[in-house]
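Here's data-v1.txt, which has compact mmCIF, C-alpha atoms:
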# COMPACT_ATOMS: atom_id res chain seq x y z
CA MET A 1 13.84 21.08 -14.79
CA SER A 2 14.95 19.07 -11.83
CA LEU A 3 12.30 17.52 -9.65
CA ILE A 4 11.64 18.42 -6.05
CA SER A 5 12.60 15.60 -3.69
CA ALA A 6 9.69 13.65 -2.25
CA LEU A 7 11.74 12.53 0.73
CA ALA A 8 13.78 15.66 1.53
CA ASN A 9 12.06 16.05 4.89
CA ILE A 10 13.06 12.66 6.24
CA HIS A 11 16.00 11.36 4.23
CA THR A 12 19.20 11.99 6.19
CA THR A 13 22.55 10.56 5.27
CA GLY A 14 24.60 8.48 7.68
CA GLN A 15 24.82 4.98 9.10
CA PHE A 16 21.93 3.55 11.08
CA GLY A 17 20.84 0.42 12.86
CA ASP A 18 23.17 -2.50 13.49
CA HIS A 19 26.11 -1.17 11.49
CA GLU A 20 28.88 -1.16 14.08
CA GLY A 21 31.82 -3.43 13.44
CA LYS A 22 30.63 -4.13 9.90
CA ASN A 23 32.51 -3.32 6.74
CA GLU A 24 30.99 -0.16 5.32
CA ASN A 25 31.08 -1.55 1.80
CA ASP A 26 28.98 -4.56 2.79
CA LEU A 27 26.28 -2.45 4.40
CA LEU A 28 22.85 -2.10 2.87
CA LYS A 29 22.62 1.19 0.98
CA ILE A 30 19.43 3.19 0.85
CA SER A 31 19.06 6.22 -1.37
CA GLU A 32 16.49 8.41 -2.99
CA ASN A 33 16.43 8.70 -6.74
CA GLN A 34 15.18 11.87 -8.37
CA ASN A 35 15.26 13.36 -11.80
CA LEU A 36 13.86 10.39 -13.66
CA LEU A 37 11.28 10.61 -16.37
CA ILE A 38 8.37 8.32 -15.48
CA VAL A 39 5.68 7.80 -18.08
CA GLN A 40 2.76 5.43 -18.06
CA ILE A 41 1.80 4.07 -21.49
CA VAL A 42 -1.50 2.24 -21.87
CA GLN A 43 -2.90 0.85 -25.09
CA TYR A 44 -6.67 1.13 -25.32
CA LYS A 45 -8.61 -2.14 -25.32
CA ASN A 46 -10.20 -1.45 -28.71
CA SER A 47 -6.90 -0.50 -30.34
CA ILE A 48 -5.67 -2.90 -33.00
CA LEU A 49 -2.35 -1.16 -33.57
CA SER A 50 0.76 -3.29 -33.17
CA PHE A 51 2.68 -1.91 -30.20
CA GLU A 52 5.64 -4.09 -31.19
CA SER A 53 6.33 -1.93 -34.23
CA ILE A 54 6.96 1.15 -32.10
CA GLU A 55 10.50 1.78 -30.95
CA ILE A 56 11.36 4.17 -28.16
CA ASP A 57 14.99 4.91 -27.29
CA GLY A 58 15.81 1.73 -29.20
CA LEU A 59 13.42 -0.38 -27.10
CA LYS A 60 10.30 -2.26 -28.09
CA LEU A 61 7.44 -2.87 -25.68
CA LYS A 62 6.82 -6.43 -24.57
CA ASN A 63 3.48 -7.62 -23.24
CA GLU A 64 4.85 -10.17 -20.79
CA PRO A 65 4.53 -10.44 -17.00
CA LEU A 66 7.55 -9.43 -14.86
CA ASN A 67 9.29 -8.30 -18.04
CA VAL A 68 11.52 -5.23 -18.19
CA VAL A 69 13.03 -4.11 -21.51
CA PHE A 70 15.99 -1.86 -20.92
CA ASN A 71 19.14 -0.12 -22.03
CA ASN A 72 21.60 2.05 -20.07
CA ASP A 73 19.22 5.00 -19.73
CA THR A 74 15.73 3.66 -20.09
CA ARG A 75 13.70 0.83 -18.60
CA VAL A 76 10.18 -0.14 -19.62
CA LEU A 77 8.36 -2.09 -16.91
CA TRP A 78 5.36 -4.31 -17.56
CA ASN A 79 2.52 -3.04 -15.38
CA GLY A 80 -0.36 -5.15 -16.67
CA PRO A 81 -1.81 -6.25 -20.00
CA LYS A 82 -0.86 -3.53 -22.53
CA ASN A 83 0.15 -1.26 -19.70
CA TRP A 84 3.74 -0.15 -19.21
CA LEU A 85 5.77 2.18 -17.03
CA LEU A 86 8.68 3.82 -18.81
CA VAL A 87 11.47 5.10 -16.59
CA SER A 88 14.34 7.01 -18.11
CA LYS A 89 17.25 9.25 -17.33
CA LYS A 90 16.58 11.01 -20.64
CA LYS A 91 14.04 13.67 -19.68
CA ASP A 92 13.50 14.74 -23.27
CA LEU A 93 12.09 11.35 -24.30
CA LEU A 94 8.58 12.52 -23.42
CA THR A 95 8.10 14.47 -26.64
CA SER A 96 8.94 11.52 -28.85
CA ILE A 97 6.87 9.15 -26.68
CA SER A 98 3.81 11.37 -27.10
CA LYS A 99 4.45 11.53 -30.83
CA LYS A 100 5.02 7.81 -31.36
CA PHE A 101 2.21 6.54 -29.15
CA ILE A 102 -0.64 8.32 -30.89
CA GLU A 103 -3.51 9.51 -28.76
CA THR A 104 -6.15 7.61 -30.68
CA ASP A 105 -4.65 4.31 -29.50
CA PHE A 106 -2.60 5.07 -26.40
CA ALA A 107 -2.95 6.97 -23.16
CA VAL A 108 0.39 8.53 -22.26
CA THR A 109 0.67 10.04 -18.79
CA ASP A 110 3.69 11.80 -17.33
CA LEU A 111 4.03 10.60 -13.72
CA SER A 112 7.52 12.01 -13.08
CA HIS A 113 6.31 14.38 -10.38
CA SER A 114 3.94 11.98 -8.68
CA LYS A 115 6.28 9.24 -7.51
CA ALA A 116 8.72 8.81 -4.66
CA ILE A 117 11.66 6.59 -5.60
CA ILE A 118 13.77 4.64 -3.11
CA GLU A 119 16.70 2.45 -4.09
CA ILE A 120 18.03 -0.35 -1.90
CA GLU A 121 21.34 -2.02 -2.66
CA GLY A 122 22.98 -4.86 -0.83
CA GLN A 123 22.82 -8.54 0.05
CA GLU A 124 19.81 -8.12 2.32
CA ALA A 125 17.72 -6.00 -0.09
CA LYS A 126 15.26 -8.83 -0.70
CA GLU A 127 15.08 -9.62 3.03
CA VAL A 128 13.99 -6.04 3.65
CA LEU A 129 11.26 -6.42 1.02
CA LYS A 130 10.11 -9.74 2.46
CA LYS A 131 9.41 -8.07 5.80
CA GLY A 132 6.56 -6.00 4.43
CA CYS A 133 5.43 -7.76 1.28
CA PRO A 134 4.25 -11.39 0.97
CA PHE A 135 5.41 -11.80 -2.64
CA ASN A 136 7.82 -14.69 -3.16
CA PHE A 137 10.97 -12.65 -3.81
CA ASN A 138 13.05 -15.75 -4.41
CA ILE A 139 11.61 -15.88 -7.92
CA LEU A 140 12.26 -12.21 -8.70
CA GLU A 141 15.27 -12.09 -10.99
CA LYS A 142 17.41 -9.33 -12.38
CA ASN A 143 15.39 -7.16 -14.77
CA ASN A 144 12.05 -8.30 -13.43
CA SER A 145 9.46 -5.94 -12.01
CA ILE A 146 6.24 -6.35 -10.04
CA ASN A 147 3.46 -4.26 -8.60
CA SER A 148 2.60 -5.18 -5.03
CA ILE A 149 1.96 -3.87 -1.53
CA TYR A 150 4.50 -3.09 1.20
CA ASN A 151 2.96 -2.65 4.65
CA GLY A 152 -0.27 -1.55 3.01
CA ILE A 153 1.43 0.83 0.57
CA ALA A 154 1.01 0.07 -3.14
CA LEU A 155 4.34 0.12 -4.93
CA THR A 156 6.23 -0.94 -8.05
CA ILE A 157 9.45 -2.89 -7.54
CA ASP A 158 12.11 -2.94 -10.27
CA MET A 159 15.01 -5.36 -9.81
CA LEU A 160 18.02 -3.53 -11.27
CA ASP A 161 20.83 -5.90 -10.38
CA ASP A 162 21.56 -9.14 -8.55
CA ASN A 163 25.25 -8.83 -7.73
CA PRO A 164 24.61 -7.52 -5.17
CA ASP A 165 20.82 -7.19 -5.23
CA LYS A 166 19.63 -3.74 -6.15
CA VAL A 167 15.98 -2.75 -6.28
CA ARG A 168 14.21 0.47 -7.16
CA LEU A 169 10.87 1.13 -5.46
CA PHE A 170 8.22 3.50 -6.80
CA ALA A 171 5.35 4.58 -4.56
CA LEU A 172 2.85 7.36 -4.85
CA ARG A 173 4.61 10.56 -3.81
CA SER A 174 2.22 11.14 -0.92
CA PHE A 175 3.02 7.67 0.46
CA GLY A 176 6.76 8.21 -0.01
CA GLU A 177 7.55 9.21 3.55
CA SER A 178 5.51 6.30 4.96
CA LEU A 179 7.27 3.86 2.66
CA TYR A 180 10.66 5.33 3.52
CA HIS A 181 9.87 4.92 7.21
CA SER A 182 8.78 1.30 6.67
CA ILE A 183 11.83 0.43 4.58
CA THR A 184 14.39 2.03 6.90
CA ASP A 185 12.66 0.49 9.93
CA ALA A 186 12.92 -2.95 8.34
CA SER A 187 16.59 -2.28 7.51
CA LEU A 188 17.71 -1.41 11.05
CA GLU A 189 18.22 -5.09 11.84
CA PHE A 190 20.88 -5.37 9.12
CA GLY A 191 22.35 -1.92 9.60
CA PHE A 192 22.28 0.44 6.64
CA LYS A 193 24.01 3.37 5.08
CA SER A 194 21.78 6.16 3.94
CA ILE A 195 23.26 8.00 0.95
CA MET B 1 -3.08 -15.94 3.57
CA LEU B 2 -4.66 -17.05 0.33
CA TYR B 3 -2.46 -17.13 -2.73
CA ILE B 4 -4.26 -16.45 -5.99
CA LYS B 5 -2.79 -17.27 -9.37
CA CYS B 6 -3.55 -14.20 -11.45
CA PRO B 7 -3.90 -15.35 -15.08
CA HIS B 8 -1.96 -12.24 -16.13
CA CYS B 9 0.78 -11.99 -13.46
CA GLY B 10 1.18 -15.39 -11.80
CA MET B 11 0.96 -16.42 -8.14
CA ARG B 12 0.23 -13.43 -5.92
CA PRO B 13 -0.81 -12.86 -2.28
CA GLN B 14 -4.45 -12.20 -1.50
CA ILE B 15 -3.80 -8.70 -0.12
CA GLU B 16 -3.06 -7.49 -3.67
CA PHE B 17 -6.64 -8.39 -4.61
CA SER B 18 -10.08 -7.00 -3.95
CA TYR B 19 -13.15 -9.25 -3.84
CA GLY B 20 -15.97 -8.75 -6.34
CA GLY B 21 -18.53 -11.41 -5.44
CA ASP B 22 -20.31 -14.22 -7.30
CA ALA B 23 -19.12 -14.34 -10.93
CA SER B 24 -22.05 -16.42 -12.17
CA VAL B 25 -24.44 -13.47 -11.79
CA LYS B 26 -25.24 -11.99 -15.21
CA ARG B 27 -26.55 -8.50 -15.78
CA PRO B 28 -29.92 -8.45 -17.59
CA GLU B 29 -29.34 -7.58 -21.23
CA LEU B 30 -28.99 -3.93 -22.16
CA ASN B 31 -31.81 -2.09 -23.95
CA LYS B 32 -34.36 -4.80 -23.22
CA ASP B 33 -37.25 -4.83 -20.79
CA VAL B 34 -36.14 -6.01 -17.37
CA SER B 35 -38.61 -7.46 -14.90
CA ASP B 36 -38.33 -6.45 -11.23
CA GLN B 37 -37.57 -10.06 -10.41
CA ASP B 38 -34.64 -10.19 -12.87
CA TRP B 39 -33.22 -6.95 -11.53
CA ASP B 40 -33.65 -8.17 -7.94
CA ASP B 41 -31.81 -11.39 -8.79
CA PHE B 42 -28.99 -9.43 -10.42
CA VAL B 43 -28.50 -6.88 -7.64
CA TYR B 44 -29.37 -8.73 -4.42
CA ASN B 45 -30.15 -12.43 -4.57
CA ARG B 46 -27.19 -14.78 -4.27
CA LYS B 47 -26.82 -18.54 -4.22
CA SER B 48 -24.08 -18.30 -1.58
CA LEU B 49 -22.79 -21.77 -2.37
CA ARG B 50 -20.97 -24.02 0.02
CA GLY B 51 -18.30 -25.76 -2.04
CA LYS B 52 -17.02 -24.72 -5.45
CA HIS B 53 -17.77 -21.06 -6.00
CA LEU B 54 -16.91 -19.02 -9.09
CA GLU B 55 -16.15 -15.49 -8.06
CA LEU B 56 -14.71 -12.20 -9.29
CA TRP B 57 -11.56 -10.70 -7.87
CA GLN B 58 -9.70 -7.61 -9.01
CA HIS B 59 -5.91 -7.57 -8.94
CA ILE B 60 -6.10 -4.02 -7.73
CA SER B 61 -2.53 -3.61 -6.49
CA GLY B 62 -1.06 -5.61 -9.36
CA CYS B 63 -2.15 -5.49 -12.99
CA ARG B 64 -5.54 -3.98 -12.06
CA GLN B 65 -7.44 -6.57 -14.12
CA TRP B 66 -10.66 -8.29 -13.06
CA ILE B 67 -10.33 -12.08 -12.98
CA LYS B 68 -12.49 -15.10 -12.20
CA VAL B 69 -11.48 -17.49 -9.44
CA GLU B 70 -12.91 -20.91 -8.68
CA ARG B 71 -12.60 -21.36 -4.93
CA ASP B 72 -14.08 -23.79 -2.44
CA THR B 73 -15.97 -21.78 0.20
CA SER B 74 -15.63 -24.54 2.78
CA THR B 75 -11.89 -25.13 2.46
CA HIS B 76 -10.67 -21.90 0.76
CA GLU B 77 -8.87 -24.08 -1.79
CA ILE B 78 -8.46 -22.33 -5.14
CA SER B 79 -8.74 -24.79 -8.02
CA ARG B 80 -8.72 -22.62 -11.14
CA THR B 81 -8.43 -19.01 -12.26
CA PHE B 82 -9.55 -17.38 -15.50
CA LYS B 83 -9.30 -14.08 -17.30
CA ALA B 84 -12.47 -12.00 -17.03
CA ASP B 85 -13.54 -12.68 -20.62
CA GLU B 86 -12.66 -16.37 -20.58
CA GLU B 87 -15.58 -18.78 -20.72
CA VAL B 88 -15.61 -21.28 -17.88
CA ALA B 89 -16.37 -24.83 -18.95
CA MET C 1 -35.58 -20.05 -2.42
CA THR C 2 -32.70 -17.64 -3.14
CA LEU C 3 -32.20 -15.01 -0.48
CA PRO C 4 -30.42 -11.64 -0.55
CA ILE C 5 -27.89 -13.16 1.81
CA GLU C 6 -24.29 -14.29 1.54
CA THR C 7 -22.35 -16.34 4.03
CA HIS C 8 -19.19 -14.62 5.18
CA LEU C 9 -16.39 -15.14 7.63
CA LEU C 10 -15.75 -13.05 10.73
CA GLN C 11 -12.79 -13.45 13.05
CA ALA C 12 -12.25 -12.46 16.64
CA CYS C 13 -9.34 -12.87 19.00
CA VAL C 14 -8.46 -12.76 22.65
CA SER C 15 -5.25 -11.75 24.39
CA GLU C 16 -3.50 -13.06 27.46
CA PRO C 17 -5.14 -11.83 30.70
CA VAL C 18 -3.99 -8.50 32.09
CA LYS C 19 -4.98 -6.35 35.07
CA PRO C 20 -8.21 -4.34 34.67
CA VAL C 21 -7.74 -1.53 32.12
CA LEU C 22 -11.06 -1.27 30.34
CA ASP C 23 -14.50 -1.35 32.00
CA SER C 24 -16.67 -1.04 28.90
CA VAL C 25 -16.87 -1.99 25.25
CA VAL C 26 -15.02 0.45 23.00
CA THR C 27 -15.49 0.57 19.25
CA PHE C 28 -13.41 2.29 16.59
CA GLY C 29 -15.96 4.23 14.59
CA ALA C 30 -13.77 5.18 11.63
CA GLY C 31 -13.10 1.53 10.91
CA HIS C 32 -14.45 -1.72 12.24
CA PHE C 33 -12.96 -2.63 15.56
CA TYR C 34 -14.25 -3.39 19.02
CA VAL C 35 -12.53 -4.28 22.24
CA SER C 36 -13.66 -5.22 25.72
CA GLN C 37 -12.07 -6.88 28.71
CA SER C 38 -13.45 -10.13 30.05
CA ASP C 39 -13.84 -10.93 33.75
CA LYS C 40 -10.73 -13.07 33.48
CA GLY C 41 -8.77 -10.06 32.20
CA GLU C 42 -8.43 -11.08 28.59
CA MET C 43 -8.85 -8.39 25.94
CA VAL C 44 -11.50 -9.55 23.48
CA MET C 45 -11.18 -7.97 20.04
CA GLY C 46 -12.63 -8.22 16.57
CA GLY C 47 -13.68 -6.23 13.54
CA ASP C 48 -13.90 -6.69 9.79
CA LEU C 49 -15.12 -9.59 7.73
CA ASP C 50 -12.47 -11.41 5.74
CA GLY C 51 -14.45 -10.15 2.76
CA TYR C 52 -15.05 -13.23 0.62
CA ASN C 53 -17.81 -15.84 0.77
CA SER C 54 -16.86 -18.56 3.22
CA TYR C 55 -18.20 -21.43 5.28
CA ALA C 56 -14.75 -22.36 6.57
CA GLN C 57 -15.10 -21.20 10.20
CA ARG C 58 -11.50 -20.13 10.14
CA GLY C 59 -9.94 -17.01 8.73
CA ASN C 60 -6.74 -15.64 7.34
CA LEU C 61 -4.15 -13.38 8.94
CA PRO C 62 -4.28 -10.28 6.68
CA THR C 63 -7.70 -9.34 8.03
CA LEU C 64 -6.65 -9.94 11.61
CA GLN C 65 -3.60 -7.76 11.07
CA HIS C 66 -5.78 -5.03 9.58
CA VAL C 67 -8.23 -5.18 12.48
CA LEU C 68 -5.54 -5.09 15.14
CA THR C 69 -3.84 -2.18 13.36
CA GLU C 70 -7.02 -0.20 13.98
CA GLY C 71 -6.94 -1.31 17.61
CA ILE C 72 -3.34 -0.25 18.11
CA ALA C 73 -4.03 3.09 16.42
CA MET C 74 -6.66 3.70 19.11
CA MET C 75 -4.96 2.06 22.11
CA PRO C 76 -1.19 1.73 21.53
CA PHE C 77 -0.75 -0.43 24.66
CA LEU C 78 -2.50 -3.28 22.85
CA SER C 79 0.68 -3.82 20.82
CA LYS C 80 2.39 -5.22 23.93
CA LEU C 81 -0.19 -7.97 24.44
CA LYS C 82 0.34 -11.57 23.40
CA MET C 83 -2.49 -13.24 21.54
CA LEU C 84 -4.04 -16.21 23.30
CA ARG C 85 -6.29 -17.52 20.55
CA THR C 86 -8.22 -16.50 17.46
CA TRP C 87 -11.27 -18.03 15.85
CA GLY C 88 -13.62 -17.49 12.95
CA GLY C 89 -17.35 -17.90 12.60
CA ILE C 90 -19.73 -17.63 9.69
CA MET C 91 -22.17 -14.76 9.34
CA ASP C 92 -25.45 -14.50 7.44
CA MET C 93 -24.74 -11.16 5.77
CA SER C 94 -27.78 -9.48 4.29
CA MET C 95 -27.25 -7.10 1.39
CA ASP C 96 -28.05 -3.95 3.38
CA GLY C 97 -26.72 -5.03 6.75
CA SER C 98 -30.18 -5.17 8.35
CA PRO C 99 -32.02 -8.38 9.30
CA ILE C 100 -35.03 -9.94 7.65
CA ILE C 101 -38.01 -10.83 9.89
CA ASP C 102 -40.89 -11.77 7.65
CA LYS C 103 -43.31 -14.35 6.30
CA THR C 104 -42.47 -15.95 2.97
CA HIS C 105 -44.56 -16.97 -0.03
CA ILE C 106 -44.45 -20.54 1.29
CA GLU C 107 -47.20 -21.19 3.83
CA GLY C 108 -45.86 -21.92 7.28
CA LEU C 109 -42.33 -20.76 6.47
CA TYR C 110 -41.11 -17.69 8.33
CA LEU C 111 -37.74 -16.02 8.19
CA ASN C 112 -35.67 -14.46 10.93
CA CYS C 113 -32.21 -14.10 9.44
CA GLY C 114 -29.57 -11.79 8.02
CA TRP C 115 -28.38 -10.60 11.42
CA CYS C 116 -24.89 -10.05 10.02
CA TYR C 117 -22.27 -9.56 12.72
CA GLY C 118 -24.58 -8.74 15.55
CA GLY C 119 -28.02 -9.35 16.88
CA PHE C 120 -27.52 -10.38 20.50
CA LYS C 121 -28.79 -7.10 21.90
CA ALA C 122 -31.78 -7.24 19.56
CA THR C 123 -32.72 -10.79 20.50
CA PRO C 124 -35.65 -9.97 22.84
CA ALA C 125 -37.29 -7.61 20.35
CA SER C 126 -36.62 -9.88 17.39
CA GLY C 127 -38.01 -12.89 19.25
CA TRP C 128 -41.09 -10.98 20.30
CA THR C 129 -41.89 -9.62 16.83
CA PHE C 130 -41.07 -12.97 15.21
CA ALA C 131 -43.47 -14.74 17.60
CA HIS C 132 -46.12 -12.19 16.71
CA THR C 133 -45.49 -12.75 12.99
CA ILE C 134 -45.87 -16.51 13.36
CA ALA C 135 -48.79 -16.49 15.78
CA GLN C 136 -50.89 -14.02 13.80
CA ASP C 137 -49.47 -14.84 10.35
CA ARG C 138 -48.83 -11.14 9.75
CA VAL C 139 -45.94 -8.85 10.58
CA HIS C 140 -45.99 -6.51 13.57
CA GLU C 141 -45.48 -2.82 12.81
CA LEU C 142 -42.08 -3.01 14.52
CA ASN C 143 -40.73 -5.54 12.02
CA ALA C 144 -42.75 -4.40 9.00
CA GLY C 145 -39.67 -2.60 7.67
CA TYR C 146 -37.52 -5.70 7.88
CA SER C 147 -39.36 -7.33 5.03
CA LEU C 148 -37.92 -9.78 2.54
CA ASN C 149 -39.24 -7.81 -0.42
CA ARG C 150 -37.68 -4.48 0.61
CA PHE C 151 -34.84 -5.17 -1.81
CA SER C 152 -37.06 -5.63 -4.86
CA THR C 153 -39.42 -2.78 -3.96
CA GLY C 154 -36.62 -0.42 -3.01
CA HIS C 155 -37.94 0.27 0.50
CA LEU C 156 -34.53 -0.14 2.08
CA ILE C 157 -34.10 0.82 5.71
CA ASP C 158 -32.55 4.18 6.47
CA GLU C 159 -29.79 3.07 8.82
CA LYS C 160 -26.08 2.55 8.48
CA GLY C 161 -26.10 -1.13 7.86
CA LEU C 162 -22.98 -2.75 6.45
CA GLY C 163 -23.88 -5.67 4.26
CA THR C 164 -21.68 -8.00 2.28
CA LYS C 165 -19.78 -5.25 0.49
CA THR C 166 -18.12 -3.71 3.52
CA TRP C 167 -15.10 -2.59 1.55
CA ILE C 168 -17.25 -0.12 -0.42
CA SER C 169 -18.38 1.92 2.56
Go ahead and render the structure in this file as C-alpha cells.
Amino acid sequence: MSLISALANIHTTGQFGDHEGKNENDLLKISENQNLLIVQIVQYKNSILSFESIEIDGLKLKNEPLNVVFNNDTRVLWNGPKNWLLVSKKKDLLTSISKKFIETDFAVTDLSHSKAIIEIEGQEAKEVLKKGCPFNFNILEKNNSINSIYNGIALTIDMLDDNPDKVRLFALRSFGESLYHSITDASLEFGFKSI
Amino acid sequence: MLYIKCPHCGMRPQIEFSYGGDASVKRPELNKDVSDQDWDDFVYNRKSLRGKHLELWQHISGCRQWIKVERDTSTHEISRTFKADEEVA
Amino acid sequence: MTLPIETHLLQACVSEPVKPVLDSVVTFGAGHFYVSQSDKGEMVMGGDLDGYNSYAQRGNLPTLQHVLTEGIAMMPFLSKLKMLRTWGGIMDMSMDGSPIIDKTHIEGLYLNCGWCYGGFKATPASGWTFAHTIAQDRVHELNAGYSLNRFSTGHLIDEKGLGTKTWIS
C-alpha cells in the first residue's frame, strides 16, 4: 500500500527564490519522500538480550551516537540508548522485524504513516539547516543522524550524502507542513528547485 | 544559548533540553514511613544554591534521556555532565 | 532555614521609541507575555522565566525569542521594531507562585518573600499586613493564607499561581 503524502497540500514543483541566472543543476533541490517503511525499535531497560546478534536486512544494530548502519535499501538510525529508527524502501521488512525483535525484549512500532519526510540536496543544504537549528552542522558527516529542533519543530536529520550534501528530515506528520514552510522559506535566499 | 554536553549524544544546544530541577533531592524510600517534614523537603524545599548546582535535565528533543548537569548558577558555566544513574563524586 | 523557594531568571526588553500605539498594558493569556508603551514611546515587553535556577542577572536568547514570538503572534507590527536593550533580573519563585507573608519558628524573624515575577501592585496590602504581623506577632486574616507551612499542611491557595515549574502548566 502506498502512503498518502503528508505534504500534498503545499508541495508544488518549480523553481523558487533567488534562482534566476543560476545553473539549474547547481540549485538546491527540495523533495518529499514517501513510501518508506519507518519502524522504531526500542530495547527494554531490563532486557539482557544481545541486540548485536540480531541481523535485519543484513544489518546489525549499533548502540553509538550519530551512528547510521545502512545498505542500499535500509538505514538504521541511532535515536538514543538502545533506541533506533529503521528506515527502508523494503516495505515487507516489518514482518521479519517483528519476528526477530521479540516482544518480551523489544518494543517495535510502525511509524510509516506518522512522519513527513523532506529531502534537501545541494551545496547549501547545511546552511538551510543552520538557519533554524543551533546544532553544529560542521561536525555532521555522511551517514550520521541526529534528533534536534528546527524552528521549534522536533525532527530527525539523516545525512545521506556529502557530495553534494543530501539530508533527509523526518518530522511528525502533523508538523510536516510547518516544517516544509520553514525549510522552503530558509531556502529562498539560495534559490531552490522543488521536485 | 547554553550548550550542554549530553553524556549520550555529545554537545547539544539548550533548546533540545527540558529542565528538571535540583538533582540532589532524593525521594524518601519506598514502602517506609515518611514524616511530613521529609515529604515537604522532597516536594517543596530547595537549597537554591548560588554557585555549583547539580541539576536534572532531560534531552527531550534528542535521545530523551534524563541526565545530571553540574552548572554554576551565577555564571551559567557547565562544568560536568553525568548519566542519570551515574554517581557524582 | 530551607525555604520552598528557588531563584530564577526573568528577562525583559525594550524597543526603539515609536509613536503612540498602545495606551494600556496588554498580556497574552495563552502564554506568558506582556507589553506596554512607555512615555518615551518605547515598547516594554517580557514574559517567561528562562526556566533554570540562576543568579546570573542575565539571560539567554532562546527564551527571549520564545517570548517575542508570542508577542508577534498577538501584534504582528512588533516584528518591525528594533530592540534597544534587554536585561535579566532574579526572581524569588515560590513553589505555588504565591507569596509567603508569615512569622517563622525563629523569634523575631518574619518573612515577606516569594513574590515571583510580580508584586508591585500588591505592595501596599503586603506592607500593611506584614506590619501587622510584626507589630502584633500574629498574622492578619488577610495574609493568614500566605503561610510558610501551607506547603507541608497542603493548604495551598486556590489561585492560578505559576511557581518554579512554569513549563508544566
Could you give me, as a PDB file with C-alpha atoms, in the coordinates of the input, the residues within 9 Å of Leu111 (chain C), counting all atoms listed in the file and dropping anything in the same chain fewer than 3 positions from it?
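As a result, selection-v5.pdb now contains:
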ATOM      1  CA  ILE C 100     -35.030  -9.940   7.650  1.00  0.00           C
ATOM      2  CA  ILE C 101     -38.010 -10.830   9.890  1.00  0.00           C
ATOM      3  CA  ASP C 102     -40.890 -11.770   7.650  1.00  0.00           C
ATOM      4  CA  LYS C 103     -43.310 -14.350   6.300  1.00  0.00           C
ATOM      5  CA  THR C 104     -42.470 -15.950   2.970  1.00  0.00           C
ATOM      6  CA  PHE C 130     -41.070 -12.970  15.210  1.00  0.00           C
ATOM      7  CA  LEU C 148     -37.920  -9.780   2.540  1.00  0.00           C
TER       8      LEU C 148
END
Report task. At a cut-off of 12 Å, list the chain C residues touching chain B, using only C-alpha atoms, as number ranges by chain. Result -> C: 1-9, 49-66, 89-96, 148-154, 156, 163-168
**Report entry** Near-Ala125 (chain A) list (8 Å; all atoms listed in the file; drop same-chain fewer than 5 positions) as an MDAnalysis selection string
**Finding:** chainID A and resid 28 120 165:167
Taking only residues of chain A that have an atom at most 12 Å from an atom of chain B, what is each one's shortest atom pair and its distance in Å to one decimal, using all atoms listed in the file, in chain and number order, as a Markdown table?
| residue | atom | partner | partner_atom | distance |
| --- | --- | --- | --- | --- |
| A:Val42 | CA | B:Cys63 | CA | 11.8 |
| A:Asn63 | CA | B:His8 | CA | 10.1 |
| A:Glu64 | CA | B:His8 | CA | 8.5 |
| A:Pro65 | CA | B:Cys9 | CA | 5.4 |
| A:Leu66 | CA | B:Cys9 | CA | 7.4 |
| A:Asn67 | CA | B:Cys9 | CA | 10.3 |
| A:Leu77 | CA | B:Cys63 | CA | 11.7 |
| A:Trp78 | CA | B:Cys63 | CA | 8.9 |
| A:Asn79 | CA | B:Cys63 | CA | 5.8 |
| A:Gly80 | CA | B:Cys63 | CA | 4.1 |
| A:Pro81 | CA | B:Cys63 | CA | 7.1 |
| A:Lys82 | CA | B:Cys63 | CA | 9.8 |
| A:Asn83 | CA | B:Cys63 | CA | 8.3 |
| A:Trp84 | CA | B:Cys63 | CA | 10.1 |
| A:Leu85 | CA | B:Cys63 | CA | 11.7 |
| A:Gly132 | CA | B:Ile15 | CA | 11.6 |
| A:Cys133 | CA | B:Pro13 | CA | 8.8 |
| A:Pro134 | CA | B:Pro13 | CA | 6.2 |
| A:Phe135 | CA | B:Pro13 | CA | 6.3 |
| A:Asn136 | CA | B:Arg12 | CA | 8.2 |
| A:Phe137 | CA | B:Arg12 | CA | 11.0 |
| A:Ile139 | CA | B:Met11 | CA | 10.7 |
| A:Leu140 | CA | B:Gly10 | CA | 11.9 |
| A:Asn144 | CA | B:Cys9 | CA | 11.9 |
| A:Ser145 | CA | B:Cys9 | CA | 10.7 |
| A:Ile146 | CA | B:Gly62 | CA | 7.4 |
| A:Asn147 | CA | B:Gly62 | CA | 4.8 |
| A:Ser148 | CA | B:Ser61 | CA | 5.6 |
| A:Ile149 | CA | B:Glu16 | CA | 6.5 |
| A:Tyr150 | CA | B:Glu16 | CA | 10.0 |
| A:Asn151 | CA | B:Ile15 | CA | 10.2 |
| A:Gly152 | CA | B:Ile15 | CA | 8.6 |
| A:Ile153 | CA | B:Ser61 | CA | 9.2 |
| A:Ala154 | CA | B:Ser61 | CA | 6.1 |
| A:Leu155 | CA | B:Ser61 | CA | 8.0 |
| A:Thr156 | CA | B:Gly62 | CA | 8.8 |
| A:Ile157 | CA | B:Gly62 | CA | 11.0 |
| A:Ala171 | CA | B:Ser61 | CA | 11.5 |
Requested in this report: Tell me, in Å to one decimal, how far CA of Ser98 (chain C) is from CA of Phe120 (chain C).
Outcome: 13.5 Å
**Report entry** Interatomic distance (Å, one decimal) between CA of Asn138 (chain A) and CA of Ile41 (chain A)
**Finding:**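 We find that CA of Asn138 (chain A) and CA of Ile41 (chain A) lie 28.5 Å from each other.
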Query raised in the report: Hey, what's within 12 Å of Lys91 (chain A) if we count only C-alpha atoms and toss same-chain stuff fewer than 3 positions away? As a PyMOL selection string, please?
Result: chain A and resi 1-3+34-39+57+73-74+86-88+94-97+110+112
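Taking all atoms listed in the file into account, the protein, DNA and RNA residues within 9 Å of (-24.7, -7.4, -13.8) read B:Val25, B:Lys26, B:Arg27, B:Pro28, B:Glu29, B:Trp39, B:Phe42, B:Val43.
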Query - Nearby residues (all atoms listed in the file) at most 7 Å from Lys83 (chain B), same-chain spacing under 2 positions excluded, as a ChimeraX atom specification - result: /B:7,67-68,85-86
Requested in this report: Find the residues around Lys80 (chain C) up to 12 Å (all atoms listed in the file counted), leave out those fewer than 4 positions away in its own chain, and share them as a PyMOL selection string.
Outcome: chain C and resi 15-16+18+43+68+71-72+75-76
Query - Selected residue of minimal separation from Ile102 (chain A) among A:Val76, A:Leu129, A:Leu49, A:Leu61, counting only C-alpha atoms - result: A:Leu49
